[in-house]
>>> print(open('work19.txt').read())   # compact mmCIF, N, CA and C atoms and all ligand atoms
# COMPACT_ATOMS: atom_id res chain seq x y z
N MET A 1 121.46 252.07 144.20
CA MET A 1 120.31 251.16 144.01
C MET A 1 119.66 251.45 142.65
N THR A 2 119.32 250.40 141.91
CA THR A 2 118.70 250.61 140.60
C THR A 2 117.19 250.85 140.75
N ILE A 3 116.62 251.37 139.68
CA ILE A 3 115.17 251.59 139.68
C ILE A 3 114.42 250.28 139.81
N PHE A 4 115.00 249.19 139.30
CA PHE A 4 114.31 247.90 139.40
C PHE A 4 114.28 247.41 140.85
N LYS A 5 115.33 247.68 141.60
CA LYS A 5 115.32 247.29 143.02
C LYS A 5 114.23 248.07 143.76
N LYS A 6 114.06 249.32 143.39
CA LYS A 6 113.00 250.11 144.02
C LYS A 6 111.62 249.56 143.66
N ILE A 7 111.49 249.03 142.45
CA ILE A 7 110.21 248.41 142.06
C ILE A 7 110.00 247.13 142.88
N ILE A 8 111.05 246.31 143.02
CA ILE A 8 110.95 245.08 143.82
C ILE A 8 110.54 245.43 145.25
N ASP A 9 111.14 246.46 145.80
CA ASP A 9 110.86 246.85 147.19
C ASP A 9 109.56 247.63 147.32
N LYS A 10 108.85 247.82 146.19
CA LYS A 10 107.56 248.53 146.17
C LYS A 10 107.70 250.00 146.56
N GLU A 11 108.91 250.51 146.42
CA GLU A 11 109.12 251.95 146.66
C GLU A 11 108.56 252.76 145.51
N ILE A 12 108.57 252.15 144.32
CA ILE A 12 107.96 252.78 143.15
C ILE A 12 106.76 251.92 142.78
N PRO A 13 105.56 252.50 142.83
CA PRO A 13 104.37 251.71 142.51
C PRO A 13 104.36 251.30 141.04
N THR A 14 104.19 250.04 140.80
CA THR A 14 104.21 249.48 139.44
C THR A 14 103.18 248.37 139.38
N ASP A 15 102.50 248.26 138.26
CA ASP A 15 101.56 247.15 138.09
C ASP A 15 102.35 245.87 137.89
N ILE A 16 102.28 245.00 138.87
CA ILE A 16 103.00 243.73 138.80
C ILE A 16 102.11 242.72 138.06
N LEU A 17 102.64 242.18 136.95
CA LEU A 17 101.88 241.23 136.14
C LEU A 17 102.07 239.80 136.62
N TYR A 18 103.21 239.56 137.26
CA TYR A 18 103.53 238.21 137.73
C TYR A 18 104.52 238.35 138.87
N GLU A 19 104.38 237.48 139.86
CA GLU A 19 105.35 237.47 140.95
C GLU A 19 105.41 236.08 141.55
N ASP A 20 106.62 235.62 141.83
CA ASP A 20 106.79 234.41 142.62
C ASP A 20 107.97 234.64 143.56
N ASP A 21 108.48 233.57 144.16
CA ASP A 21 109.55 233.75 145.16
C ASP A 21 110.83 234.28 144.54
N PHE A 22 111.00 234.08 143.23
CA PHE A 22 112.25 234.40 142.58
C PHE A 22 112.24 235.71 141.78
N CYS A 23 111.08 236.07 141.28
CA CYS A 23 111.07 237.17 140.30
C CYS A 23 109.76 237.94 140.31
N ILE A 24 109.80 239.10 139.66
CA ILE A 24 108.57 239.83 139.37
C ILE A 24 108.61 240.24 137.90
N ALA A 25 107.44 240.56 137.35
CA ALA A 25 107.34 241.01 135.96
C ALA A 25 106.37 242.17 135.87
N PHE A 26 106.71 243.10 134.99
CA PHE A 26 105.87 244.29 134.80
C PHE A 26 106.11 244.83 133.40
N ASN A 27 105.21 245.69 132.94
CA ASN A 27 105.33 246.24 131.59
C ASN A 27 106.53 247.19 131.48
N ASP A 28 107.21 247.10 130.33
CA ASP A 28 108.28 248.06 130.06
C ASP A 28 107.66 249.44 129.84
N ILE A 29 108.30 250.45 130.39
CA ILE A 29 107.78 251.82 130.31
C ILE A 29 107.89 252.38 128.89
N ASN A 30 108.75 251.80 128.09
CA ASN A 30 108.98 252.26 126.71
C ASN A 30 108.87 251.06 125.77
N PRO A 31 107.63 250.58 125.56
CA PRO A 31 107.46 249.29 124.87
C PRO A 31 107.93 249.30 123.42
N GLN A 32 108.61 248.23 123.05
CA GLN A 32 109.10 248.04 121.69
C GLN A 32 108.23 247.07 120.90
N ALA A 33 107.16 246.63 121.50
CA ALA A 33 106.21 245.71 120.86
C ALA A 33 104.91 245.83 121.63
N PRO A 34 103.79 245.37 121.04
CA PRO A 34 102.51 245.46 121.77
C PRO A 34 102.57 244.78 123.14
N ILE A 35 103.31 243.70 123.21
CA ILE A 35 103.60 243.08 124.51
C ILE A 35 105.10 243.24 124.76
N HIS A 36 105.46 243.94 125.80
CA HIS A 36 106.87 244.12 126.16
C HIS A 36 106.92 244.12 127.69
N ILE A 37 107.28 242.97 128.21
CA ILE A 37 107.26 242.75 129.66
C ILE A 37 108.69 242.48 130.14
N LEU A 38 109.02 243.05 131.26
CA LEU A 38 110.33 242.81 131.88
C LEU A 38 110.17 241.81 133.01
N ILE A 39 111.06 240.83 133.01
CA ILE A 39 111.05 239.81 134.06
C ILE A 39 112.37 239.95 134.80
N ILE A 40 112.28 240.23 136.08
CA ILE A 40 113.52 240.52 136.81
C ILE A 40 113.61 239.66 138.06
N PRO A 41 114.82 239.16 138.36
CA PRO A 41 114.99 238.39 139.59
C PRO A 41 114.93 239.31 140.80
N LYS A 42 114.43 238.78 141.91
CA LYS A 42 114.45 239.57 143.15
C LYS A 42 115.88 239.73 143.65
N LYS A 43 116.72 238.73 143.36
CA LYS A 43 118.13 238.85 143.73
C LYS A 43 118.81 239.90 142.85
N GLU A 44 119.64 240.71 143.46
CA GLU A 44 120.32 241.76 142.70
C GLU A 44 121.56 241.19 141.99
N ILE A 45 121.40 240.93 140.71
CA ILE A 45 122.52 240.53 139.84
C ILE A 45 122.60 241.62 138.78
N PRO A 46 123.71 242.35 138.71
CA PRO A 46 123.75 243.50 137.79
C PRO A 46 123.59 243.13 136.32
N GLN A 47 124.17 242.02 135.92
CA GLN A 47 124.03 241.62 134.51
C GLN A 47 124.31 240.13 134.41
N LEU A 48 123.86 239.54 133.29
CA LEU A 48 123.94 238.08 133.15
C LEU A 48 125.35 237.57 133.35
N SER A 49 126.34 238.28 132.83
CA SER A 49 127.72 237.79 132.89
C SER A 49 128.28 237.79 134.31
N LEU A 50 127.55 238.37 135.25
CA LEU A 50 127.98 238.35 136.65
C LEU A 50 127.24 237.27 137.45
N SER A 51 126.44 236.46 136.76
CA SER A 51 125.83 235.31 137.44
C SER A 51 126.81 234.15 137.41
N ASP A 52 126.55 233.17 138.27
CA ASP A 52 127.46 232.02 138.31
C ASP A 52 126.66 230.75 138.59
N ASP A 53 127.38 229.67 138.87
CA ASP A 53 126.71 228.38 139.06
C ASP A 53 125.66 228.42 140.17
N ASN A 54 125.87 229.27 141.15
CA ASN A 54 124.89 229.38 142.25
C ASN A 54 123.56 229.94 141.76
N ASP A 55 123.55 230.53 140.59
CA ASP A 55 122.33 231.15 140.06
C ASP A 55 121.60 230.25 139.06
N SER A 56 122.08 229.02 138.90
CA SER A 56 121.49 228.14 137.88
C SER A 56 119.99 227.99 138.05
N GLU A 57 119.55 227.71 139.27
CA GLU A 57 118.12 227.51 139.49
C GLU A 57 117.36 228.80 139.18
N LEU A 58 117.91 229.90 139.67
CA LEU A 58 117.25 231.19 139.46
C LEU A 58 117.10 231.49 137.97
N LEU A 59 118.16 231.28 137.21
CA LEU A 59 118.10 231.58 135.77
C LEU A 59 117.07 230.70 135.08
N GLY A 60 116.99 229.45 135.49
CA GLY A 60 115.95 228.57 134.94
C GLY A 60 114.56 229.05 135.30
N LYS A 61 114.40 229.49 136.53
CA LYS A 61 113.09 229.98 136.98
C LYS A 61 112.64 231.19 136.17
N LEU A 62 113.58 232.02 135.79
CA LEU A 62 113.21 233.21 135.00
C LEU A 62 112.62 232.79 133.65
N LEU A 63 113.21 231.78 133.03
CA LEU A 63 112.70 231.33 131.74
C LEU A 63 111.35 230.63 131.89
N ILE A 64 111.20 229.88 132.95
CA ILE A 64 109.90 229.23 133.18
C ILE A 64 108.83 230.29 133.45
N ALA A 65 109.19 231.33 134.19
CA ALA A 65 108.24 232.43 134.43
C ALA A 65 107.87 233.07 133.09
N ALA A 66 108.84 233.23 132.20
CA ALA A 66 108.56 233.81 130.89
C ALA A 66 107.52 232.96 130.14
N ASN A 67 107.66 231.65 130.20
CA ASN A 67 106.66 230.77 129.57
C ASN A 67 105.26 231.04 130.12
N LYS A 68 105.17 231.12 131.43
CA LYS A 68 103.86 231.33 132.06
C LYS A 68 103.27 232.68 131.66
N ILE A 69 104.12 233.69 131.64
CA ILE A 69 103.64 235.04 131.30
C ILE A 69 103.19 235.08 129.84
N ALA A 70 103.96 234.43 128.97
CA ALA A 70 103.56 234.37 127.55
C ALA A 70 102.21 233.67 127.42
N GLU A 71 102.04 232.60 128.15
CA GLU A 71 100.76 231.88 128.10
C GLU A 71 99.63 232.76 128.61
N ASP A 72 99.88 233.48 129.70
CA ASP A 72 98.86 234.38 130.26
C ASP A 72 98.44 235.44 129.24
N HIS A 73 99.35 235.78 128.31
CA HIS A 73 99.07 236.81 127.32
C HIS A 73 98.73 236.22 125.96
N ASP A 74 98.37 234.92 125.95
CA ASP A 74 97.93 234.24 124.73
C ASP A 74 98.95 234.33 123.61
N THR A 75 100.21 234.27 123.97
CA THR A 75 101.24 234.37 122.93
C THR A 75 102.33 233.31 123.15
N LYS A 76 101.88 232.17 123.64
CA LYS A 76 102.80 231.08 123.98
C LYS A 76 103.62 230.62 122.78
N ASP A 77 103.05 230.74 121.59
CA ASP A 77 103.73 230.20 120.40
C ASP A 77 104.53 231.24 119.63
N ALA A 78 104.56 232.47 120.10
CA ALA A 78 105.29 233.50 119.35
C ALA A 78 105.75 234.61 120.29
N PHE A 79 106.91 234.42 120.85
CA PHE A 79 107.49 235.50 121.65
C PHE A 79 109.01 235.42 121.57
N ARG A 80 109.64 236.49 121.96
CA ARG A 80 111.10 236.55 121.98
C ARG A 80 111.58 237.00 123.35
N ILE A 81 112.64 236.34 123.82
CA ILE A 81 113.29 236.74 125.07
C ILE A 81 114.62 237.39 124.71
N VAL A 82 114.86 238.56 125.28
CA VAL A 82 116.12 239.27 125.04
C VAL A 82 116.76 239.60 126.39
N ILE A 83 118.06 239.38 126.46
CA ILE A 83 118.84 239.87 127.60
C ILE A 83 119.97 240.72 127.03
N ASN A 84 119.96 242.00 127.31
CA ASN A 84 121.08 242.86 126.94
C ASN A 84 122.11 242.79 128.05
N ASN A 85 123.31 242.38 127.69
CA ASN A 85 124.37 242.22 128.71
C ASN A 85 125.48 243.24 128.46
N GLY A 86 125.52 244.27 129.29
CA GLY A 86 126.56 245.29 129.16
C GLY A 86 126.10 246.48 128.35
N ALA A 87 126.66 247.64 128.67
CA ALA A 87 126.24 248.89 128.03
C ALA A 87 126.39 248.83 126.51
N LYS A 88 127.45 248.20 126.03
CA LYS A 88 127.67 248.15 124.58
C LYS A 88 126.66 247.25 123.88
N ALA A 89 125.99 246.43 124.64
CA ALA A 89 124.92 245.58 124.07
C ALA A 89 123.55 246.18 124.33
N GLY A 90 123.52 247.42 124.81
CA GLY A 90 122.24 248.10 124.98
C GLY A 90 121.67 248.04 126.38
N GLN A 91 122.41 247.47 127.33
CA GLN A 91 121.87 247.43 128.69
C GLN A 91 121.93 248.82 129.31
N SER A 92 120.81 249.25 129.89
CA SER A 92 120.75 250.57 130.50
C SER A 92 120.40 250.51 131.99
N VAL A 93 119.80 249.41 132.42
CA VAL A 93 119.51 249.24 133.85
C VAL A 93 120.31 248.03 134.33
N PHE A 94 121.16 248.28 135.33
CA PHE A 94 122.10 247.22 135.73
C PHE A 94 121.56 246.39 136.89
N HIS A 95 120.43 245.79 136.57
CA HIS A 95 119.81 244.73 137.36
C HIS A 95 119.30 243.75 136.31
N LEU A 96 119.84 242.54 136.32
CA LEU A 96 119.49 241.55 135.29
C LEU A 96 117.99 241.54 134.98
N HIS A 97 117.66 241.52 133.71
CA HIS A 97 116.24 241.43 133.33
C HIS A 97 116.10 240.76 131.97
N LEU A 98 115.00 240.05 131.81
CA LEU A 98 114.61 239.48 130.54
C LEU A 98 113.55 240.39 129.93
N HIS A 99 113.72 240.70 128.65
CA HIS A 99 112.65 241.35 127.90
C HIS A 99 111.82 240.25 127.25
N LEU A 100 110.52 240.28 127.44
CA LEU A 100 109.62 239.39 126.72
C LEU A 100 108.86 240.25 125.70
N LEU A 101 109.11 239.97 124.43
CA LEU A 101 108.52 240.77 123.34
C LEU A 101 107.58 239.90 122.53
N ALA A 102 106.42 240.45 122.19
CA ALA A 102 105.45 239.69 121.40
C ALA A 102 104.38 240.64 120.88
N GLY A 103 103.51 240.09 120.03
CA GLY A 103 102.36 240.86 119.56
C GLY A 103 102.58 241.53 118.22
N ARG A 104 103.74 241.32 117.61
CA ARG A 104 103.99 241.81 116.25
C ARG A 104 105.01 240.87 115.62
N PRO A 105 105.16 240.90 114.28
CA PRO A 105 106.20 240.07 113.67
C PRO A 105 107.57 240.50 114.21
N LEU A 106 108.39 239.52 114.53
CA LEU A 106 109.72 239.79 115.11
C LEU A 106 110.77 239.33 114.09
N SER A 107 111.41 240.26 113.46
CA SER A 107 112.35 239.91 112.40
C SER A 107 113.68 239.44 112.96
N TRP A 108 114.46 238.83 112.10
CA TRP A 108 115.78 238.33 112.48
C TRP A 108 116.73 238.59 111.35
N PRO A 109 117.96 239.08 111.49
CA PRO A 109 118.60 239.32 112.79
C PRO A 109 118.05 240.56 113.49
N PRO A 110 118.17 240.60 114.81
CA PRO A 110 117.72 241.76 115.57
C PRO A 110 118.69 242.92 115.35
N GLY A 111 118.29 244.10 115.71
CA GLY A 111 119.14 245.28 115.53
C GLY A 111 120.27 245.35 116.52
P1 LIG B 1 117.94 247.44 129.01
O1 LIG B 1 118.19 248.58 128.07
O2 LIG B 1 118.08 246.08 128.40
O3 LIG B 1 118.76 247.61 130.26
O4 LIG B 1 116.42 247.53 129.42
C1 LIG B 1 115.96 248.39 130.40
C2 LIG B 1 114.50 248.59 130.13
O5 LIG B 1 113.90 249.12 131.30
C3 LIG B 1 114.19 249.57 129.00
O6 LIG B 1 113.47 248.90 127.99
C4 LIG B 1 113.38 250.67 129.68
O7 LIG B 1 112.35 251.14 128.87
C5 LIG B 1 112.85 249.96 130.91
N1 LIG B 1 112.55 250.77 132.07
C6 LIG B 1 113.34 251.71 132.64
N2 LIG B 1 112.73 252.23 133.73
C7 LIG B 1 111.54 251.61 133.84
C8 LIG B 1 110.45 251.69 134.76
N3 LIG B 1 110.45 252.55 135.79
N4 LIG B 1 109.39 250.89 134.58
C9 LIG B 1 109.36 250.04 133.54
N5 LIG B 1 110.34 249.89 132.64
C10 LIG B 1 111.42 250.68 132.79
>>> encode(input="work19.txt", output="structure tokens", more="lines below")
Ligand code: AMP
Amino acid sequence: MTIFKKIIDKEIPTDILYEDDFCIAFNDINPQAPIHILIIPKKEIPQLSLSDDNDSELLGKLLIAANKIAEDHDTKDAFRIVINNGAKAGQSVFHLHLHLLAGRPLSWPPG
């Protein structure tokens, strides 16, 4: 079981910033920007590449949740969503998650 599943199950107490039927969101423990929020589906999908057509609605809901969370943090017009897919792409927790980054200039290309 991943640490994110334990957070979903409330086994690990975490300040939940947003929750709906599909997902929860909370602050990243090691923030890379003044705003760094993780948005994770309640369904256990290890990584984006293991999702399929049955997850279409869920994946859309995650992005819509990101919009709402950005708006809640007054950063609707300047944020970045990152999904690291696979260890070689920097994924360290194998429960699908969106990083929402904001609150500082975000350069491109990313590292
Ligand atoms: P990734 O490297 O894309 O898999 O992202 C995993 C993220 O989870 C990292 O940015 C970690 O800092 C973050 N993280 C790991 N454990 C926790 C935790 N208990 N609470 C909040 N964030 C965490």
>>> select_by_dssp(input="work19.txt", residues="chain A", states="strand (DSSP E or B)", output="JSON, numbers by chain")
{"A": [16, 17, 18, 19, 23, 24, 25, 26, 27, 35, 36, 37, 38, 39, 40, 41, 80, 81, 82, 98, 99, 100, 101, 102]}
>>> closest_residue(input="work19.txt", among="A:Val93, A:Leu106, A:Ala70, A:Leu100", to="ligand LIG 1 (chain B)", atoms="only N, CA and C atoms and all ligand atoms")
A:Val93
>>> atom_distance(input="work19.txt", atom1="atom CA of His97 of chain A", atom2="atom CA of Asp74 of chain A")
21.5 Å
>>> atom_distance(input="work19.txt", atom1="atom N of Phe26 of chain A", atom2="atom N of Ile40 of chain A")
6.4 Å
>>> closest_residue(input="work19.txt", among="A:Ile81, A:Cys23, A:Ile12, A:Leu17", to="ligand LIG 1 (chain B)", atoms="only C-alpha atoms and all ligand atoms")
A:Ile12
>>> closest_residue(input="work19.txt", among="A:Ile83, A:Leu58, A:Ala89, A:Leu101", to="His36 of chain A", atoms="only N, CA and C atoms")
A:Leu101
>>> closest_residue(input="work19.txt", among="A:Arg104, A:Lys42, A:Lys10, A:His95", to="ligand LIG 1 (chain B)", atoms="only C-alpha atoms and all ligand atoms")
A:His95
>>> axis_aligned_box(input="work19.txt", around="ligand LIG 1 (chain B)", padding_each_side="5 Å", output="AutoDock Vina command-line options")
--center_x 114.1 --center_y 249.3 --center_z 131.9 --size_x 19.4 --size_y 16.5 --size_z 17.8
>>> closest_residue(input="work19.txt", among="A:Pro46, A:Ile29, A:Ile39, A:Phe22", to="Phe94 of chain A", atoms="only C-alpha atoms")
A:Pro46
>>> residues_near_ligand(input="work19.txt", ligand="ligand LIG 1 (chain B)", cutoff="5 Å", atoms="all atoms listed in the file", output="list in words")
Asn27, Asp28, Ile29, Asn30, Asn84, Gly90, Gln91, Ser92 and Val93 of chain A
